[in-house]
>>> print(open('protein.txt').read())   # compact mmCIF, C-alpha atoms and all ligand atoms
# COMPACT_ATOMS: atom_id res chain seq x y z
CA MET A 30 -5.88 -86.82 16.69
CA LYS A 31 -9.25 -85.29 15.83
CA LEU A 32 -8.69 -81.60 15.33
CA THR A 33 -10.81 -78.85 16.88
CA ASP A 34 -12.04 -76.01 14.70
CA LEU A 35 -9.30 -73.72 16.05
CA GLN A 36 -6.62 -76.33 15.40
CA LYS A 37 -7.83 -76.68 11.81
CA ASP A 38 -7.62 -72.89 11.48
CA SER A 39 -4.08 -72.92 12.87
CA LEU A 40 -2.95 -75.06 9.91
CA ARG A 41 -4.27 -72.33 7.63
CA PHE A 42 -2.64 -69.57 9.68
CA VAL A 43 0.77 -71.20 9.29
CA ALA A 44 0.15 -71.58 5.55
CA ASN A 45 -0.80 -67.88 5.34
CA LEU A 46 2.47 -66.92 7.04
CA GLN A 47 4.38 -69.15 4.62
CA ALA A 48 2.67 -67.41 1.69
CA TYR A 49 3.79 -64.06 3.14
CA MET A 50 7.34 -65.43 3.47
CA ARG A 51 7.48 -66.56 -0.15
CA LYS A 52 6.19 -63.19 -1.31
CA ASN A 53 8.78 -61.33 0.75
CA SER A 54 11.77 -63.63 0.14
CA ILE A 55 12.00 -64.71 3.78
CA ASP A 56 13.27 -68.26 4.32
CA VAL A 57 12.52 -68.65 8.02
CA PHE A 58 10.24 -66.72 10.36
CA PHE A 59 10.94 -66.57 14.09
CA VAL A 60 7.90 -65.98 16.31
CA ALA A 61 8.47 -65.14 19.97
CA GLU A 62 5.40 -63.26 21.16
CA LEU A 63 3.08 -65.63 23.01
CA PRO A 64 -0.22 -64.42 21.47
CA ASN A 65 1.33 -64.92 18.02
CA VAL A 66 2.62 -68.35 19.02
CA ARG A 67 -0.84 -69.22 20.31
CA TYR A 68 -2.40 -67.97 17.06
CA LEU A 69 -0.17 -70.26 15.00
CA THR A 70 -0.37 -73.32 17.25
CA THR A 71 -3.31 -72.99 19.74
CA PHE A 72 -0.68 -73.60 22.44
CA THR A 73 -1.80 -72.00 25.72
CA GLY A 74 1.35 -72.43 27.81
CA THR A 75 3.64 -69.64 28.88
CA SER A 76 6.85 -70.64 27.09
CA GLY A 77 7.08 -71.49 23.43
CA PHE A 78 8.44 -70.25 20.11
CA CYS A 79 7.77 -70.93 16.45
CA LEU A 80 10.30 -71.32 13.71
CA VAL A 81 8.39 -71.37 10.46
CA PHE A 82 10.12 -72.55 7.28
CA ARG A 83 8.79 -72.33 3.73
CA ASP A 84 7.49 -75.90 3.76
CA SER A 85 7.38 -76.87 7.40
CA ALA A 86 7.02 -75.38 10.85
CA CYS A 87 8.51 -76.09 14.27
CA PHE A 88 7.15 -75.32 17.69
CA LEU A 89 9.86 -75.15 20.33
CA THR A 90 9.13 -75.57 24.01
CA ASP A 91 10.71 -77.16 27.07
CA PHE A 92 9.96 -80.41 28.88
CA ARG A 93 7.32 -78.84 31.17
CA TYR A 94 5.01 -78.52 28.17
CA LYS A 95 5.71 -81.79 26.36
CA THR A 96 2.31 -83.37 27.13
CA GLN A 97 0.35 -80.18 26.67
CA ALA A 98 1.97 -79.48 23.31
CA SER A 99 1.24 -83.00 22.11
CA HIS A 100 -2.46 -82.36 22.75
CA GLN A 101 -2.63 -78.80 21.45
CA VAL A 102 -0.16 -78.26 18.64
CA ALA A 103 -1.30 -79.64 15.29
CA SER A 104 0.12 -77.08 12.87
CA CYS A 105 3.80 -77.48 13.76
CA GLU A 106 6.21 -80.26 14.60
CA THR A 107 6.92 -79.95 18.34
CA VAL A 108 10.58 -79.91 19.31
CA ILE A 109 11.52 -80.06 23.00
CA TYR A 110 14.69 -78.11 23.67
CA SER A 111 16.84 -77.73 26.76
CA GLY A 112 19.55 -75.24 27.62
CA ASN A 113 19.90 -72.04 25.63
CA LEU A 114 17.20 -71.65 22.97
CA PHE A 115 19.39 -69.97 20.36
CA GLU A 116 22.33 -72.32 20.84
CA PHE A 117 19.85 -75.15 20.30
CA ILE A 118 18.31 -73.50 17.24
CA GLY A 119 21.73 -72.67 15.81
CA LYS A 120 22.94 -76.27 16.11
CA LYS A 121 19.73 -77.96 15.01
CA PHE A 122 18.59 -75.75 12.15
CA PHE A 123 21.46 -73.55 11.00
CA ARG A 124 24.53 -75.76 11.33
CA LYS A 125 25.56 -75.37 7.71
CA SER A 126 25.73 -71.62 7.94
CA ARG A 127 24.41 -71.05 4.46
CA GLN A 128 22.96 -67.64 3.76
CA VAL A 129 19.31 -67.70 4.89
CA SER A 130 17.03 -64.78 5.62
CA ILE A 131 15.25 -64.89 8.96
CA GLY A 132 12.18 -62.74 9.46
CA ILE A 133 12.09 -61.33 12.95
CA GLU A 134 9.39 -59.11 14.42
CA ASP A 135 10.34 -55.69 15.74
CA THR A 136 8.73 -56.60 19.07
CA VAL A 137 11.54 -59.08 19.83
CA SER A 138 13.61 -57.61 22.66
CA VAL A 139 17.04 -56.10 22.03
CA GLY A 140 18.56 -58.71 24.33
CA MET A 141 16.92 -61.62 22.55
CA PHE A 142 17.88 -60.26 19.14
CA ALA A 143 21.53 -59.76 20.16
CA GLU A 144 21.66 -63.31 21.46
CA MET A 145 20.12 -64.67 18.30
CA GLN A 146 22.61 -62.77 16.11
CA GLU A 147 25.46 -64.14 18.17
CA LYS A 148 24.33 -67.77 18.31
CA VAL A 149 22.59 -68.26 14.98
CA GLY A 150 25.44 -67.34 12.66
CA GLY A 151 25.59 -66.80 8.92
CA CYS A 152 22.03 -65.52 8.63
CA GLN A 153 20.55 -62.35 7.36
CA PHE A 154 17.89 -60.89 9.65
CA VAL A 155 14.92 -59.15 8.11
CA ARG A 156 13.09 -56.80 10.43
CA THR A 157 9.31 -57.07 10.06
CA SER A 158 6.41 -55.35 11.77
CA GLN A 159 3.01 -56.73 12.75
CA VAL A 160 3.07 -59.53 10.18
CA LEU A 161 1.12 -61.91 12.42
CA GLU A 162 -1.14 -59.12 13.65
CA LYS A 163 -2.12 -58.27 10.08
CA LEU A 164 -2.92 -61.91 9.34
CA ALA A 165 -4.86 -62.22 12.61
CA ALA A 166 -7.00 -59.14 11.94
CA VAL A 167 -9.41 -61.20 9.84
CA LYS A 168 -11.12 -63.69 12.11
CA THR A 169 -12.38 -67.15 11.21
CA LYS A 170 -15.80 -68.48 12.17
CA ALA A 171 -14.23 -70.40 15.05
CA GLU A 172 -12.57 -67.26 16.38
CA VAL A 173 -15.72 -65.14 16.07
CA ALA A 174 -17.62 -67.86 17.95
CA ARG A 175 -15.18 -67.49 20.88
CA ILE A 176 -15.43 -63.69 20.89
CA ARG A 177 -19.21 -63.91 20.72
CA GLN A 178 -19.19 -66.23 23.75
CA ALA A 179 -16.81 -63.93 25.65
CA CYS A 180 -19.21 -61.04 24.96
CA ALA A 181 -22.18 -63.09 26.16
CA ILE A 182 -20.37 -63.96 29.40
CA SER A 183 -19.46 -60.31 30.00
CA SER A 184 -23.01 -59.05 29.37
CA THR A 185 -24.50 -61.65 31.69
CA ALA A 186 -21.93 -60.84 34.38
CA LEU A 187 -22.79 -57.14 34.11
CA ASP A 188 -26.47 -57.95 34.24
CA VAL A 189 -25.89 -59.76 37.54
CA LEU A 190 -23.77 -56.88 38.88
CA VAL A 191 -26.38 -54.19 38.27
CA GLN A 192 -28.87 -56.16 40.34
CA GLU A 193 -26.55 -56.29 43.33
CA ASP A 194 -26.48 -53.64 46.06
CA TRP A 195 -23.83 -51.07 45.17
CA ARG A 196 -24.38 -48.90 48.24
CA GLY A 197 -21.22 -48.53 50.32
CA LYS A 198 -19.15 -50.45 47.76
CA THR A 199 -15.83 -49.20 46.45
CA GLU A 200 -14.88 -49.26 42.78
CA THR A 201 -12.45 -52.09 43.53
CA GLU A 202 -15.20 -54.15 45.18
CA LEU A 203 -17.52 -53.67 42.20
CA ALA A 204 -14.67 -54.65 39.85
CA ALA A 205 -14.01 -57.79 41.92
CA MET A 206 -17.71 -58.74 41.89
CA LEU A 207 -17.87 -58.32 38.12
CA GLU A 208 -14.70 -60.34 37.56
CA PHE A 209 -16.02 -63.07 39.88
CA ASN A 210 -19.32 -63.19 37.96
CA GLN A 211 -17.47 -63.60 34.67
CA LYS A 212 -15.39 -66.49 35.95
CA ILE A 213 -18.36 -68.26 37.50
CA ILE A 214 -20.19 -68.07 34.17
CA GLY A 215 -17.28 -69.58 32.22
CA ALA A 216 -14.56 -67.01 31.57
CA SER A 217 -10.96 -68.07 32.15
CA GLY A 218 -10.05 -64.57 33.31
CA THR A 219 -10.32 -60.89 32.51
CA SER A 220 -9.08 -59.56 29.19
CA PHE A 221 -7.54 -56.49 30.91
CA GLU A 222 -7.62 -54.74 34.26
CA THR A 223 -11.22 -53.75 35.00
CA ILE A 224 -11.96 -50.02 34.86
CA VAL A 225 -14.50 -48.67 37.33
CA ALA A 226 -14.41 -44.88 37.36
CA SER A 227 -17.13 -43.11 39.33
CA GLY A 228 -18.03 -39.46 39.81
CA VAL A 229 -15.17 -37.09 38.91
CA ARG A 230 -12.90 -40.11 38.33
CA GLY A 231 -15.05 -40.79 35.26
CA ALA A 232 -13.12 -37.98 33.56
CA MET A 233 -10.14 -40.36 33.40
CA PRO A 234 -10.71 -42.57 30.35
CA HIS A 235 -8.59 -45.35 31.87
CA GLY A 236 -9.42 -44.89 35.54
CA VAL A 237 -8.68 -48.36 36.86
CA ALA A 238 -10.88 -49.21 39.86
CA SER A 239 -9.81 -47.45 43.06
CA GLY A 240 -10.73 -47.43 46.74
CA LYS A 241 -13.29 -44.66 46.14
CA GLU A 242 -16.82 -45.49 47.27
CA VAL A 243 -19.47 -45.16 44.59
CA ASP A 244 -21.91 -42.46 45.68
CA ALA A 245 -25.56 -41.94 44.85
CA GLY A 246 -25.73 -39.49 41.94
CA ASP A 247 -22.40 -40.59 40.48
CA PHE A 248 -22.00 -41.57 36.88
CA VAL A 249 -20.00 -44.81 36.92
CA THR A 250 -18.05 -45.95 33.87
CA ILE A 251 -17.29 -49.66 33.80
CA ASP A 252 -14.94 -50.86 31.04
CA PHE A 253 -14.23 -54.55 31.27
CA GLY A 254 -13.98 -57.82 29.44
CA CYS A 255 -13.17 -61.48 29.78
CA LEU A 256 -11.35 -64.25 27.98
CA TYR A 257 -13.13 -67.28 26.60
CA ASP A 258 -10.92 -69.97 25.08
CA GLY A 259 -8.26 -67.28 24.68
CA TYR A 260 -10.42 -64.69 22.93
CA ALA A 261 -11.38 -61.35 24.46
CA SER A 262 -14.47 -59.25 24.95
CA ASP A 263 -14.38 -55.51 25.62
CA ILE A 264 -17.49 -53.66 26.78
CA THR A 265 -18.07 -50.27 28.40
CA ARG A 266 -21.20 -48.86 29.95
CA THR A 267 -21.73 -45.74 32.00
CA PHE A 268 -24.38 -46.03 34.69
CA LEU A 269 -26.33 -43.50 36.63
CA THR A 270 -26.57 -44.32 40.33
CA GLY A 271 -29.87 -42.87 41.44
CA LEU A 272 -31.67 -39.93 39.97
CA LYS A 273 -29.70 -36.93 41.16
CA SER A 274 -27.05 -36.85 38.46
CA LYS A 275 -25.97 -33.58 36.94
CA PRO A 276 -27.98 -32.46 33.87
CA GLU A 277 -24.78 -31.86 31.87
CA LEU A 278 -23.80 -35.53 32.34
CA MET A 279 -27.29 -36.64 31.27
CA LYS A 280 -26.81 -34.55 28.13
CA ILE A 281 -23.40 -35.94 27.25
CA TYR A 282 -24.73 -39.46 27.81
CA GLY A 283 -27.12 -38.90 24.90
CA VAL A 284 -24.36 -37.39 22.76
CA VAL A 285 -22.03 -40.37 23.33
CA ARG A 286 -24.78 -42.91 22.64
CA ASP A 287 -25.73 -41.17 19.40
CA ALA A 288 -22.06 -40.81 18.42
CA GLN A 289 -21.66 -44.57 18.79
CA SER A 290 -24.70 -45.07 16.52
CA LYS A 291 -23.07 -42.81 13.90
CA GLY A 292 -19.91 -44.91 14.08
CA ILE A 293 -21.89 -48.14 13.79
CA ALA A 294 -23.81 -46.83 10.78
CA ALA A 295 -20.55 -45.89 9.01
CA ALA A 296 -18.76 -49.21 9.51
CA ARG A 297 -18.60 -51.85 6.77
CA ALA A 298 -16.00 -53.81 4.82
CA GLY A 299 -14.10 -51.84 2.19
CA ILE A 300 -14.00 -48.45 3.88
CA LYS A 301 -11.11 -46.92 5.75
CA ALA A 302 -11.37 -47.41 9.50
CA ASN A 303 -10.79 -43.69 9.99
CA LYS A 304 -14.23 -43.09 8.44
CA VAL A 305 -15.81 -44.81 11.44
CA ASP A 306 -13.78 -42.59 13.75
CA LYS A 307 -14.78 -39.53 11.74
CA ALA A 308 -18.49 -40.37 11.88
CA ALA A 309 -18.45 -40.57 15.68
CA ARG A 310 -16.02 -37.67 16.15
CA ASP A 311 -17.80 -35.23 13.83
CA TYR A 312 -21.03 -35.79 15.73
CA ILE A 313 -19.37 -35.09 19.09
CA ASP A 314 -17.69 -32.02 17.53
CA ARG A 315 -21.01 -30.69 16.27
CA LYS A 316 -22.46 -31.03 19.78
CA GLY A 317 -19.59 -28.93 21.13
CA TYR A 318 -17.67 -31.64 23.01
CA GLY A 319 -14.92 -32.36 20.47
CA LYS A 320 -12.08 -31.33 22.76
CA TYR A 321 -13.30 -33.77 25.42
CA PHE A 322 -12.97 -36.82 23.14
CA GLY A 323 -9.22 -37.40 23.01
CA HIS A 324 -8.85 -41.09 22.15
CA GLY A 325 -9.48 -43.21 19.08
CA THR A 326 -12.98 -44.56 18.42
CA GLY A 327 -12.01 -48.22 18.53
CA HIS A 328 -9.63 -51.10 17.88
CA GLY A 329 -9.55 -54.70 16.81
CA VAL A 330 -10.18 -57.44 19.39
CA GLY A 331 -9.02 -61.05 19.34
CA LEU A 332 -6.42 -63.02 21.27
CA ARG A 333 -5.27 -59.59 22.41
CA ILE A 334 -7.49 -56.87 23.78
CA HIS A 335 -5.97 -54.35 21.34
CA GLU A 336 -5.40 -55.61 17.82
CA LEU A 337 -5.59 -54.43 14.27
CA PRO A 338 -7.37 -52.71 12.67
CA ARG A 339 -7.01 -49.39 14.46
CA VAL A 340 -10.17 -47.32 14.37
CA SER A 341 -8.73 -43.85 14.83
CA ARG A 342 -8.27 -40.55 13.07
CA VAL A 343 -4.79 -41.49 11.83
CA SER A 344 -5.58 -45.09 10.88
CA GLU A 345 -4.83 -46.10 7.31
CA ASP A 346 -6.32 -49.55 7.87
CA VAL A 347 -9.16 -50.61 5.57
CA LEU A 348 -11.96 -52.58 7.22
CA GLU A 349 -12.28 -56.15 5.97
CA GLU A 350 -15.00 -58.73 6.29
CA GLY A 351 -14.13 -60.74 9.40
CA ASN A 352 -12.51 -57.93 11.38
CA VAL A 353 -13.80 -57.65 14.94
CA ILE A 354 -13.67 -54.07 16.19
CA THR A 355 -14.86 -51.98 19.09
CA ILE A 356 -16.73 -48.70 18.65
CA GLU A 357 -16.32 -46.71 21.85
CA PRO A 358 -16.66 -42.94 21.75
CA GLY A 359 -16.48 -41.05 25.04
CA ILE A 360 -16.62 -37.57 26.53
CA TYR A 361 -14.54 -36.70 29.59
CA ILE A 362 -14.93 -33.39 31.38
CA PRO A 363 -12.37 -32.62 34.08
CA ARG A 364 -13.85 -32.15 37.57
CA LEU A 365 -17.29 -33.23 36.30
CA GLY A 366 -17.06 -36.82 35.05
CA GLY A 367 -17.23 -38.86 31.91
CA VAL A 368 -19.29 -41.15 29.72
CA ARG A 369 -18.14 -43.93 27.38
CA ILE A 370 -20.18 -46.59 25.59
CA GLU A 371 -18.42 -49.49 23.91
CA ASP A 372 -19.49 -52.60 22.06
CA ASP A 373 -17.79 -55.21 19.90
CA PHE A 374 -18.72 -55.70 16.25
CA LEU A 375 -18.05 -58.16 13.47
CA VAL A 376 -17.40 -56.32 10.20
CA THR A 377 -19.50 -57.68 7.35
CA LYS A 378 -19.89 -56.86 3.65
CA ASP A 379 -22.72 -54.39 4.21
CA GLY A 380 -22.19 -53.25 7.78
CA VAL A 381 -21.50 -54.71 11.15
CA GLU A 382 -23.02 -57.35 13.39
CA GLN A 383 -23.08 -56.37 17.05
CA LEU A 384 -21.52 -59.11 19.20
CA SER A 385 -22.00 -57.56 22.66
CA HIS A 386 -25.44 -56.70 23.93
CA PHE A 387 -26.44 -54.59 26.91
CA SER A 388 -28.95 -51.78 27.44
CA LYS A 389 -27.81 -48.28 26.43
CA GLU A 390 -30.81 -46.47 27.87
CA ALA A 391 -29.89 -43.23 29.65
CA ASP A 392 -32.35 -44.06 32.41
CA TYR A 393 -30.85 -47.49 32.95
CA TYR A 394 -29.95 -46.76 36.52
CA ILE A 395 -28.85 -48.92 39.38
CA SER A 396 -32.01 -49.98 41.18
CA ALA A 397 -30.41 -50.10 44.63
CA TYR A 398 -30.38 -46.30 44.59
CA GLY A 399 -34.14 -45.91 44.16
CA ARG A 400 -36.70 -45.88 41.38
CA HIS A 401 -38.53 -43.24 39.36
MN MN B 1 -11.77 -51.00 24.15
>>> encode(input="protein.txt", output="structure tokens", more="lines below")
Ligand SMILES: [Mn+2]
Amino acid sequence: MKLTDLQKDSLRFVANLQAYMRKNSIDVFFVAELPNVRYLTTFTGTSGFCLVFRDSACFLTDFRYKTQASHQVASCETVIYSGNLFEFIGKKFFRKSRQVSIGIEDTVSVGMFAEMQEKVGGCQFVRTSQVLEKLAAVKTKAEVARIRQACAISSTALDVLVQEDWRGKTETELAAMLEFNQKIIGASGTSFETIVASGVRGAMPHGVASGKEVDAGDFVTIDFGCLYDGYASDITRTFLTGLKSKPELMKIYGVVRDAQSKGIAAARAGIKANKVDKAARDYIDRKGYGKYFGHGTGHGVGLRIHELPRVSRVSEDVLEEGNVITIEPGIYIPRLGGVRIEDDFLVTKDGVEQLSHFSKEADYYISAYGRH
């Protein structure tokens, strides 16, 4: 089997987890969350688990995925199980109930954990938190290439959308058109539910598209992304529909855009992520809108839309070369509207490389509503 670049990486990811296990005296690591399973194996199906030992690794799935796993999984030995997973694991791997320590993530459900305790006897469970997420925060070249492509698809899809006629369209219709464009261009799906928040709805940072019609003079915030080969993009732009928008919104548009630039200028490997948040937040504070910026400045992006590192006031994460983060300040004023601008960035030694590209001009308005 000739391995793809991601499959080659997955061998390294398993080895990195094994190094963590040795350092933390964990004999076996149980991985149940699908994005983590995918990270370790490249497996894209909807049912599968990893059991990683110090010197080997197993991928467990059922007969539906036998063929798929044989094509995708290079980093683990695939084991097809039937019946109860933990009964199977208990019999196959832990028959001689010697004392072993099993690392288990705190995201495993209470029900699953209880079942595992009951059926995999004689083991000591070690509760861990975000072990895989911490490893996955630093992206490989192959992963960055996927995120870059997801960003390119999203920008192109948005470019097509702004040339279409928005008049009489609801937020939901615009969201559907954007999602359609992304899929036609090569995305496998959206990376999260598309946000289209127009007019006063723009004051809701996560205003998922509604049945409201977009009106001339509205500011429209579109926060969206797609998946390419499993990896996500996450972009936000706020558009002016026509020329009659309120002067206060035009002003905050400039503040948000400049706050994003401050965040971008602050970001580089070796600094605390909260410094990026501070750079953007202090600027918005100075302009008098601090109380209208209530969320963090950004987050990591990868197989999940929200990953480490956190880019917020309370984050203790230190930026590393290879992190992919968003920088997305916003201002939301109740009963008036909101503005957010978001792009995705690769953290480098001296700064960041912007992965998503789309105009941030304040006068980038939707042409269907008339020209200057
Ligand atoms: Mn985001």
>>> atom_distance(input="protein.txt", atom1="atom CA of Val229 of chain A", atom2="atom CA of Asp252 of chain A")
15.9 Å
>>> residues_near_ligand(input="protein.txt", ligand="ligand MN 1 (chain B)", cutoff="7 Å", atoms="only C-alpha atoms and all ligand atoms", output="list in words")
Asp263, Ile264, Gly327, His328, Thr355, Glu357 and Glu371 of chain A
>>> residues_around(input="protein.txt", residues="Pro358 of chain A", least_positions_apart="4", cutoff="7 Å", atoms="all atoms listed in the file", output="CSV table (one decimal) with C-alpha atoms, in the frame of the given file")
chain,number,residue,atom,x,y,z
A,285,VAL,CA,-22.0,-40.4,23.3
A,288,ALA,CA,-22.1,-40.8,18.4
A,289,GLN,CA,-21.7,-44.6,18.8
A,309,ALA,CA,-18.4,-40.6,15.7
A,326,THR,CA,-13.0,-44.6,18.4
A,369,ARG,CA,-18.1,-43.9,27.4
A,370,ILE,CA,-20.2,-46.6,25.6
>>> closest_atom_pairs(input="protein.txt", of="segment 227-345 of chain A", to="segment 178-184 of chain A", cutoff="6 Å", atoms="only C-alpha atoms", output="Markdown table")
| residue | atom | partner | partner_atom | distance |
| --- | --- | --- | --- | --- |
| A:Leu256 | CA | A:Ala179 | CA | 5.9 |
| A:Tyr257 | CA | A:Ala179 | CA | 5.1 |
| A:Ser262 | CA | A:Cys180 | CA | 5.1 |
>>> residues_around(input="protein.txt", residues="Val284 of chain A", least_positions_apart="2", cutoff="10 Å", atoms="all atoms listed in the file", output="list in words")
Leu278, Met279, Lys280, Ile281, Tyr282, Arg286, Asp287, Ala288, Gln289, Ser290, Ala309, Tyr312, Ile313, Arg315, Lys316, Gly317, Tyr318, Pro358, Gly359, Ile360 and Val368 of chain A
>>> closest_residue(input="protein.txt", among="A:Thr377, A:Ser385, A:Thr270, A:Ser85", to="Ile176 of chain A", atoms="only C-alpha atoms")
A:Ser385
>>> atom_distance(input="protein.txt", atom1="atom CA of Ala204 of chain A", atom2="atom CA of Gln383 of chain A")
24.4 Å
>>> atom_distance(input="protein.txt", atom1="atom CA of Glu134 of chain A", atom2="atom CA of Val155 of chain A")
8.4 Å
>>> residues_near_point(input="protein.txt", point="(2.6, -63.9, 5.8)", cutoff="12 Å", atoms="all atoms listed in the file", output="PyMOL selection string")
chain A and resi 41-58+60+69+81-83+132+134+157-165
>>> closest_residue(input="protein.txt", among="A:Phe72, A:Phe387, A:Phe88, A:Tyr398", to="Gln101 of chain A", atoms="all atoms listed in the file")
A:Phe72
>>> residues_around(input="protein.txt", residues="segment 31-36 of chain A", least_positions_apart="3", cutoff="12 Å", atoms="all atoms listed in the file", output="list in words")
Ser39, Leu40, Arg41, Phe42, Val43, Arg67, Tyr68, Leu69, Thr70, Thr71, Phe72, His100, Gln101, Val102, Ala103, Ser104, Cys105, Lys168, Thr169, Lys170, Ala171, Glu172, Val173, Ala174, Arg175, Asp258, Gly259 and Tyr260 of chain A
>>> closest_residue(input="protein.txt", among="A:Gly231, A:Gly119, A:Gly380, A:Gly271", to="Leu80 of chain A", atoms="all atoms listed in the file")
A:Gly119
>>> closest_residue(input="protein.txt", among="A:Asp373, A:Ala186, A:Ala166, A:Asp314", to="Arg339 of chain A", atoms="all atoms listed in the file")
A:Ala166
>>> closest_residue(input="protein.txt", among="A:Ile251, A:Ile354, A:Val243, A:Ala294", to="Gly228 of chain A", atoms="only C-alpha atoms")
A:Val243
>>> residues_around(input="protein.txt", residues="Arg156 of chain A", least_positions_apart="5", cutoff="10 Å", atoms="all atoms listed in the file", output="count of residues only")
7
